[in-house]
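Chemist: There's a structure below that I have some questions on.
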Amino acid sequence: MFKAIVLEQGEGGHTIARLSDVEEAALPQADVRVAVRWSSLNYKDALAITGRSPIVRKWPMVPGIDFAGVVEHSEHPDWKAGDNVVLTGFGVGESHWGGLSQRAAVKGDWLVGLPAGLQAQQAMAVGTAGFTAMLCLMALERHGLKPGDGEVLVTGASGGVGSVAVALLAKLGYRVVASTGRLAETDYLKSLGAESVIDRATLSESGRPLAKERWAGVVDSVGSHTLANACAATRENGAVAACGLAQGMDFPATVAPFILRGVTLYGINSVTVARQPREQAWARIARDMPLDHLAAMTQTVRLDEVIGVAPRFLDGQVRGRIVVDIPAG
């Protein structure tokens with residue numbers, strides 16, 4: 001038996017979330033079994049646990065879109081018992097049982113080794129959110145963005161993706177402008193390296209097709225009008241990396257920034273990234289993530305506290321990253 005958060009679909013389609021004892025035989029069929037040591041609470045996890053959005057594709061479901069742990073048994077050629085591994089994405093926690101559990105059974109192709117220089121807890125402090133932030137940074141770098149090019153906007157800056165993006169960009173010498181709806185977090189964002197902080201209200205309403213050129217690059221986790229306004233104010237031949245939809249899935253924009261200024265919009269998919277770029281991103285995280293800032297943006301909760309924290313997460317009452325301590329068992 002092992003402990004796991006289990007989601008079931010109740011009458012009327014509402015979600016029932018419980019911390020349950022689960023039989024080992026109930027684990028999905030897969031070629032690697034992992035003893036999970038750390039997980040985290042992400043936006044998708046909170047949506048799944050509260051039932052506020054149809055994240056779950058199969059019932060019952062163990063949520064948790066990422067985890068770090070130790071291989072217990074492997075039939076995959078790349079992994080053996082005792083290996084320290086990390087998983088993010090691949091539908092785990094949505095269509096395949098995830099990491100808010102003491103045990104996980106997954107495909108070996110989905111795993112990467114815990115990168116040198118990071119502890120498992122730190123890897124989950126980064127988690128899917130930080131992995132996504134690094135993919136955004138790498139896309140902007142491939143485009144040609146350099147630290148001396150001008151201001152880089154990070155939207156949703158108080159959240160998980162945004163906090164890591166601010167810290168990473170600042171560490172590498174970029175001039176970071178953080179956009180947030182919680183101006184009380186200004187000191188926090190400046191402690192991560194933001195040069196200045198702006199109210200998200202300046203970006204979240206309907207705007208002009210083209211605005212005054214300002215941003216050399218953008219990391220956006222918000223979508224909707226915020227993304228449209230960010231594109232409208234991006235400088236000639238600049239780039240925007242879009243990875244989220246906290247404000248909405250719509251994109252109420254025109255083609256003007258793209259055909260009149262040559263702005264490039266990169267869509268960042270962090271779910272099904274191939275092994276090589278996944279390993280490259282984790283290696284960059286281990287090298288470039290300022291670990292003191294990582295600790296400052298992280299809160300730790302127990303597995304039995306996660307269900308209670310999820311609504312607060314969605315209501316904007318939590319900043320940065322939430323790491324989940326999974327008890328041994």
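Here's how to read the names in the structure tokens: chain A, B, ... by the order shown, residue numbers from 1 in each chain, ligand numbers from 1 in the order shown.
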Name all residues at most 7 Å from Ser224 in chain A (count only C-alpha atoms; drop same-chain ones fewer than 6 positions away) and give them as a list of chain:residue names.
Modeler: A:Gln247, A:Gly248, A:Met249, A:Asp250, A:Phe251, A:Pro252
Chemist: Would you mind telling me which residue in A:Ser196, A:Ser191, A:Thr226, A:Ser163 lies nearest to Val176 in chain A when using only C-alpha atoms?
Modeler: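 Distance minimum relative to Val176 in chain A lands on A:Ser196.
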Chemist: Near range 213-220 of chain A, counting only C-alpha atoms, which residues have an atom at most 6 Å away, once you skip same-chain residues fewer than 4 positions from it, shown as a PyMOL selection string?
Modeler: chain A and resi 150-155+233-235+238-242
Chemist: Could you give me, as a tab-separated table, a per-residue list for range 155-191 of chain A showing, wherever an atom lies at most 6 Å from an atom of range 122-136 of chain A, the closest pair of atoms and their distance in Å to one decimal, using only C-alpha atoms and sorting by chain then residue number from low to high?
Modeler:
residue	atom	partner	partner_atom	distance
A:Gly160	CA	A:Ala129	CA	5.4
A:Val161	CA	A:Ala129	CA	4.5
A:Val164	CA	A:Gly130	CA	5.5
A:Ala165	CA	A:Ala133	CA	5.2
Chemist: May I have the selected residues written with N, CA and C atoms, as a PDB file, in the first residue's frame?
Modeler:
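Result went into selection-v6.pdb, see below:
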ATOM      1  N   GLY A 160       4.599  30.833 -10.616  1.00  0.00           N
ATOM      2  CA  GLY A 160       5.730  29.923 -10.701  1.00  0.00           C
ATOM      3  C   GLY A 160       6.596  30.152 -11.919  1.00  0.00           C
ATOM      4  N   VAL A 161       5.984  30.173 -13.111  1.00  0.00           N
ATOM      5  CA  VAL A 161       6.756  30.417 -14.336  1.00  0.00           C
ATOM      6  C   VAL A 161       7.411  31.787 -14.268  1.00  0.00           C
ATOM      7  N   VAL A 164      10.454  32.180 -11.726  1.00  0.00           N
ATOM      8  CA  VAL A 164      11.683  31.554 -12.210  1.00  0.00           C
ATOM      9  C   VAL A 164      12.237  32.327 -13.399  1.00  0.00           C
ATOM     10  N   ALA A 165      11.354  32.786 -14.295  1.00  0.00           N
ATOM     11  CA  ALA A 165      11.813  33.544 -15.458  1.00  0.00           C
ATOM     12  C   ALA A 165      12.522  34.826 -15.021  1.00  0.00           C
TER      13      ALA A 165
END
Chemist: Tell me which protein, DNA and RNA residues are within 10 Å of Ala295 in chain A, counting only C-alpha atoms, leaving out same-chain ones fewer than 3 positions away, and put them as a list in words.
Modeler: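 Listed by chain and then number, they are Gln122, Ala125, Val126, Pro290, Leu291, Asp292, Thr298, Gln299, Gly320 and Arg321 of chain A.
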Chemist: Take the residues from that selection and write them out as an mmCIF file, in the first residue's frame, keeping N, CA and C atoms.
Modeler:
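Once written, part-v1.cif looks like this:
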data_model
loop_
_atom_site.group_PDB
_atom_site.id
_atom_site.type_symbol
_atom_site.label_atom_id
_atom_site.label_comp_id
_atom_site.auth_asym_id
_atom_site.auth_seq_id
_atom_site.Cartn_x
_atom_site.Cartn_y
_atom_site.Cartn_z
ATOM 1 N N GLN A 122 15.214 20.714 -4.893
ATOM 2 C CA GLN A 122 15.428 21.882 -5.731
ATOM 3 C C GLN A 122 14.853 21.674 -7.130
ATOM 4 N N ALA A 125 11.383 22.443 -6.818
ATOM 5 C CA ALA A 125 11.179 23.877 -6.668
ATOM 6 C C ALA A 125 11.189 24.546 -8.041
ATOM 7 N N VAL A 126 11.958 23.992 -8.956
ATOM 8 C CA VAL A 126 11.926 24.419 -10.359
ATOM 9 C C VAL A 126 10.681 23.846 -11.024
ATOM 10 N N PRO A 290 19.737 30.713 -9.977
ATOM 11 C CA PRO A 290 20.314 31.140 -8.699
ATOM 12 C C PRO A 290 19.599 30.442 -7.543
ATOM 13 N N LEU A 291 20.277 29.529 -6.891
ATOM 14 C CA LEU A 291 19.620 28.665 -5.912
ATOM 15 C C LEU A 291 19.155 29.430 -4.673
ATOM 16 N N ASP A 292 19.815 30.543 -4.330
ATOM 17 C CA ASP A 292 19.328 31.326 -3.199
ATOM 18 C C ASP A 292 17.971 31.950 -3.515
ATOM 19 N N THR A 298 10.101 29.625 -2.852
ATOM 20 C CA THR A 298 9.537 28.292 -2.642
ATOM 21 C C THR A 298 8.895 28.151 -1.272
ATOM 22 N N GLN A 299 7.711 27.550 -1.241
ATOM 23 C CA GLN A 299 7.062 27.125 -0.008
ATOM 24 C C GLN A 299 6.942 25.605 -0.042
ATOM 25 N N GLY A 320 5.081 32.314 -6.202
ATOM 26 C CA GLY A 320 6.213 31.437 -6.482
ATOM 27 C C GLY A 320 5.821 29.982 -6.611
ATOM 28 N N ARG A 321 6.629 29.110 -6.022
ATOM 29 C CA ARG A 321 6.499 27.678 -6.208
ATOM 30 C C ARG A 321 6.105 26.981 -4.912
#
Chemist: Find the residue from A:Val106, A:Ala286, A:Val323, A:Leu169 that sits nearest to Glu141 in chain A; use only C-alpha atoms when measuring.
Modeler: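 Counting only C-alpha atoms, the residue closest to Glu141 in chain A is A:Leu169.
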Chemist: Could you give me, as JSON lines, every range 216-292 of chain A residue with an atom at most 12 Å from range 67-87 of chain A, plus its closest atom pair and distance in Å to one decimal, counting only C-alpha atoms, rows ordered by chain then number?
Modeler:
{"residue": "A:Ser270", "atom": "CA", "partner": "A:Leu87", "partner_atom": "CA", "distance": 11.5}
{"residue": "A:Val271", "atom": "CA", "partner": "A:Leu87", "partner_atom": "CA", "distance": 10.3}
{"residue": "A:Thr272", "atom": "CA", "partner": "A:Leu87", "partner_atom": "CA", "distance": 11.2}
{"residue": "A:Val273", "atom": "CA", "partner": "A:Leu87", "partner_atom": "CA", "distance": 11.4}
{"residue": "A:Arg275", "atom": "CA", "partner": "A:Leu87", "partner_atom": "CA", "distance": 11.2}
{"residue": "A:Arg278", "atom": "CA", "partner": "A:Leu87", "partner_atom": "CA", "distance": 10.1}
{"residue": "A:Glu279", "atom": "CA", "partner": "A:Val86", "partner_atom": "CA", "distance": 10.4}
{"residue": "A:Trp282", "atom": "CA", "partner": "A:Val86", "partner_atom": "CA", "distance": 9.6}
Chemist: Keeping only N, CA and C atoms, take the residues you just selected and write them out as a PDB file, in the first residue's frame.
Modeler:
ATOM      1  N   SER A 270       5.723  22.632 -23.175  1.00  0.00           N
ATOM      2  CA  SER A 270       6.644  21.985 -22.243  1.00  0.00           C
ATOM      3  C   SER A 270       6.261  20.542 -21.939  1.00  0.00           C
ATOM      4  N   VAL A 271       5.190  20.045 -22.575  1.00  0.00           N
ATOM      5  CA  VAL A 271       4.627  18.741 -22.191  1.00  0.00           C
ATOM      6  C   VAL A 271       5.339  17.582 -22.877  1.00  0.00           C
ATOM      7  N   THR A 272       5.574  17.694 -24.172  1.00  0.00           N
ATOM      8  CA  THR A 272       6.091  16.553 -24.933  1.00  0.00           C
ATOM      9  C   THR A 272       7.449  16.853 -25.553  1.00  0.00           C
ATOM     10  N   VAL A 273       8.287  17.544 -24.826  1.00  0.00           N
ATOM     11  CA  VAL A 273       9.621  17.882 -25.318  1.00  0.00           C
ATOM     12  C   VAL A 273      10.468  16.611 -25.435  1.00  0.00           C
ATOM     13  N   ARG A 275      13.763  14.058 -25.639  1.00  0.00           N
ATOM     14  CA  ARG A 275      14.771  13.814 -24.604  1.00  0.00           C
ATOM     15  C   ARG A 275      15.938  14.803 -24.668  1.00  0.00           C
ATOM     16  N   ARG A 278      15.096  18.344 -23.665  1.00  0.00           N
ATOM     17  CA  ARG A 278      14.688  18.279 -22.262  1.00  0.00           C
ATOM     18  C   ARG A 278      15.923  18.232 -21.358  1.00  0.00           C
ATOM     19  N   GLU A 279      16.877  17.386 -21.715  1.00  0.00           N
ATOM     20  CA  GLU A 279      18.105  17.305 -20.924  1.00  0.00           C
ATOM     21  C   GLU A 279      18.901  18.601 -21.000  1.00  0.00           C
ATOM     22  N   TRP A 282      17.298  21.102 -18.601  1.00  0.00           N
ATOM     23  CA  TRP A 282      17.608  20.816 -17.194  1.00  0.00           C
ATOM     24  C   TRP A 282      19.069  21.127 -16.865  1.00  0.00           C
TER      25      TRP A 282
END
Chemist: Smallest atom-to-atom distance to Ala274 in chain A: which of A:Asn229, A:Asn42, A:Ser95, A:Thr88, using only C-alpha atoms?
Modeler: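 Between A:Asn229, A:Asn42, A:Ser95, A:Thr88, the residue approaching Ala274 in chain A most closely is A:Thr88.
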Chemist: Just the residues within 7 Å of range 51-66 of chain A, please, counting only C-alpha atoms, with nothing from its chain fewer than 4 positions along; format it as a ChimeraX atom specification.
Modeler: /A:4-9,14-15,39-41,44-45,47,87-89,92-95,97-100,127-128
Chemist: Grab the residues selected above and save them as a tab-separated table (two decimals), in the first residue's frame with N, CA and C atoms.
Modeler:
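What ended up in part05.tsv:
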chain	number	residue	atom	x	y	z
A	4	ALA	N	-1.55	8.30	-1.71
A	4	ALA	CA	-1.65	9.12	-2.91
A	4	ALA	C	-2.91	9.97	-2.83
A	5	ILE	N	-2.86	11.14	-3.46
A	5	ILE	CA	-4.08	11.90	-3.66
A	5	ILE	C	-4.80	11.28	-4.85
A	6	VAL	N	-6.05	10.90	-4.65
A	6	VAL	CA	-6.83	10.25	-5.70
A	6	VAL	C	-8.04	11.12	-6.02
A	7	LEU	N	-8.24	11.38	-7.31
A	7	LEU	CA	-9.38	12.15	-7.79
A	7	LEU	C	-10.40	11.20	-8.40
A	8	GLU	N	-11.64	11.35	-7.99
A	8	GLU	CA	-12.73	10.56	-8.55
A	8	GLU	C	-13.83	11.50	-9.00
A	9	GLN	N	-14.64	11.03	-9.94
A	9	GLN	CA	-15.73	11.84	-10.47
A	9	GLN	C	-17.03	11.47	-9.76
A	14	HIS	N	-18.87	16.42	-10.55
A	14	HIS	CA	-17.94	17.18	-9.72
A	14	HIS	C	-16.80	16.28	-9.25
A	15	THR	N	-15.68	16.90	-8.94
A	15	THR	CA	-14.47	16.17	-8.57
A	15	THR	C	-14.41	15.95	-7.07
A	39	SER	N	7.34	16.32	-5.00
A	39	SER	CA	6.51	16.74	-6.12
A	39	SER	C	6.27	18.23	-5.96
A	40	SER	N	5.33	18.77	-6.70
A	40	SER	CA	5.00	20.19	-6.54
A	40	SER	C	3.55	20.40	-6.92
A	41	LEU	N	3.03	21.55	-6.56
A	41	LEU	CA	1.66	21.92	-6.92
A	41	LEU	C	1.74	22.96	-8.02
A	44	LYS	N	-2.09	23.40	-13.28
A	44	LYS	CA	-2.92	22.29	-13.75
A	44	LYS	C	-3.35	21.38	-12.59
A	45	ASP	N	-2.43	21.14	-11.65
A	45	ASP	CA	-2.76	20.29	-10.51
A	45	ASP	C	-3.89	20.91	-9.69
A	47	LEU	N	-6.16	23.03	-10.70
A	47	LEU	CA	-7.40	22.93	-11.47
A	47	LEU	C	-7.99	21.53	-11.37
A	87	LEU	N	10.65	13.89	-13.60
A	87	LEU	CA	9.67	13.83	-14.68
A	87	LEU	C	8.83	15.10	-14.68
A	88	THR	N	8.62	15.66	-15.86
A	88	THR	CA	7.65	16.73	-16.07
A	88	THR	C	6.91	16.42	-17.37
A	89	GLY	N	5.59	16.70	-17.38
A	89	GLY	CA	4.84	16.62	-18.61
A	89	GLY	C	4.36	15.24	-19.00
A	92	VAL	N	1.17	13.24	-17.53
A	92	VAL	CA	1.14	12.70	-16.17
A	92	VAL	C	0.31	13.64	-15.30
A	93	GLY	N	-0.58	13.07	-14.50
A	93	GLY	CA	-1.49	13.86	-13.69
A	93	GLY	C	-2.74	14.28	-14.43
A	94	GLU	N	-2.82	13.96	-15.73
A	94	GLU	CA	-4.00	14.28	-16.54
A	94	GLU	C	-4.61	13.01	-17.13
A	95	SER	N	-3.80	12.24	-17.85
A	95	SER	CA	-4.28	10.99	-18.45
A	95	SER	C	-3.50	9.78	-17.94
A	97	TRP	N	-1.42	8.41	-14.19
A	97	TRP	CA	-1.25	8.72	-12.78
A	97	TRP	C	0.05	9.48	-12.54
A	98	GLY	N	-0.04	10.53	-11.69
A	98	GLY	CA	1.05	11.45	-11.52
A	98	GLY	C	1.80	11.36	-10.20
A	99	GLY	N	2.40	12.49	-9.81
A	99	GLY	CA	3.42	12.50	-8.79
A	99	GLY	C	3.00	12.88	-7.39
A	100	LEU	N	1.74	13.20	-7.16
A	100	LEU	CA	1.29	13.49	-5.79
A	100	LEU	C	0.94	12.17	-5.12
A	127	GLY	N	10.59	22.52	-11.07
A	127	GLY	CA	9.41	21.83	-11.57
A	127	GLY	C	9.02	22.20	-12.98
A	128	THR	N	7.78	21.85	-13.33
A	128	THR	CA	7.26	22.15	-14.65
A	128	THR	C	7.30	23.65	-14.93
Chemist: Just give me the gap between CA of Gly156 in chain A and CA of Asp315 in chain A in Å, one decimal is fine.
Modeler: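 It comes out at 13.6 Å.
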Chemist: Among range 58-105 of chain A, which residues does DSSP mark as strand (DSSP E) when it is run on the backbone? Keep the chain and numbering as in the structure and answer as a short mmCIF file (atom, residue, chain, number, x, y, z; two decimals) with C-alpha atoms, in the first residue's frame.
Modeler:
data_model
loop_
_atom_site.label_atom_id
_atom_site.label_comp_id
_atom_site.auth_asym_id
_atom_site.auth_seq_id
_atom_site.Cartn_x
_atom_site.Cartn_y
_atom_site.Cartn_z
CA ASP A 66 5.89 16.49 -12.06
CA PHE A 67 7.96 14.59 -9.53
CA ALA A 68 11.49 13.69 -8.47
CA GLY A 69 12.40 10.36 -6.96
CA VAL A 70 14.44 7.17 -7.04
CA VAL A 71 13.95 4.28 -9.45
CA GLU A 72 12.79 1.15 -7.62
CA HIS A 73 12.38 -1.16 -10.61
CA SER A 74 13.10 -0.75 -14.30
CA ASN A 84 17.68 9.64 -9.30
CA VAL A 85 15.17 10.86 -11.86
CA VAL A 86 12.88 13.78 -12.67
CA LEU A 87 9.67 13.83 -14.68
CA THR A 88 7.65 16.73 -16.07
CA ARG A 103 4.75 5.66 -5.94
CA ALA A 104 4.64 6.32 -9.67
CA ALA A 105 4.82 3.96 -12.64
#
Chemist: Among the residues of range 67-251 of chain A, find those DSSP assigns to alpha helix (DSSP H) from the backbone and print them as a PyMOL selection string.
Modeler: chain A and resi 120-143+160-171+186-192+224-232
Chemist: Given the choices A:Ser20, A:Leu227, A:Met289, A:Phe2, which gets closest to Gly207 in chain A if the distance is worked out from only C-alpha atoms?
Modeler: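 Result for the nearest residue to Gly207 in chain A: A:Leu227.
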Chemist: Hey, what's within 9 Å of Val306 in chain A if we count only C-alpha atoms and toss same-chain stuff fewer than 2 positions away? As a PyMOL selection string, please?
Modeler: chain A and resi 5+41+46+49+100+301-304+308-310+324
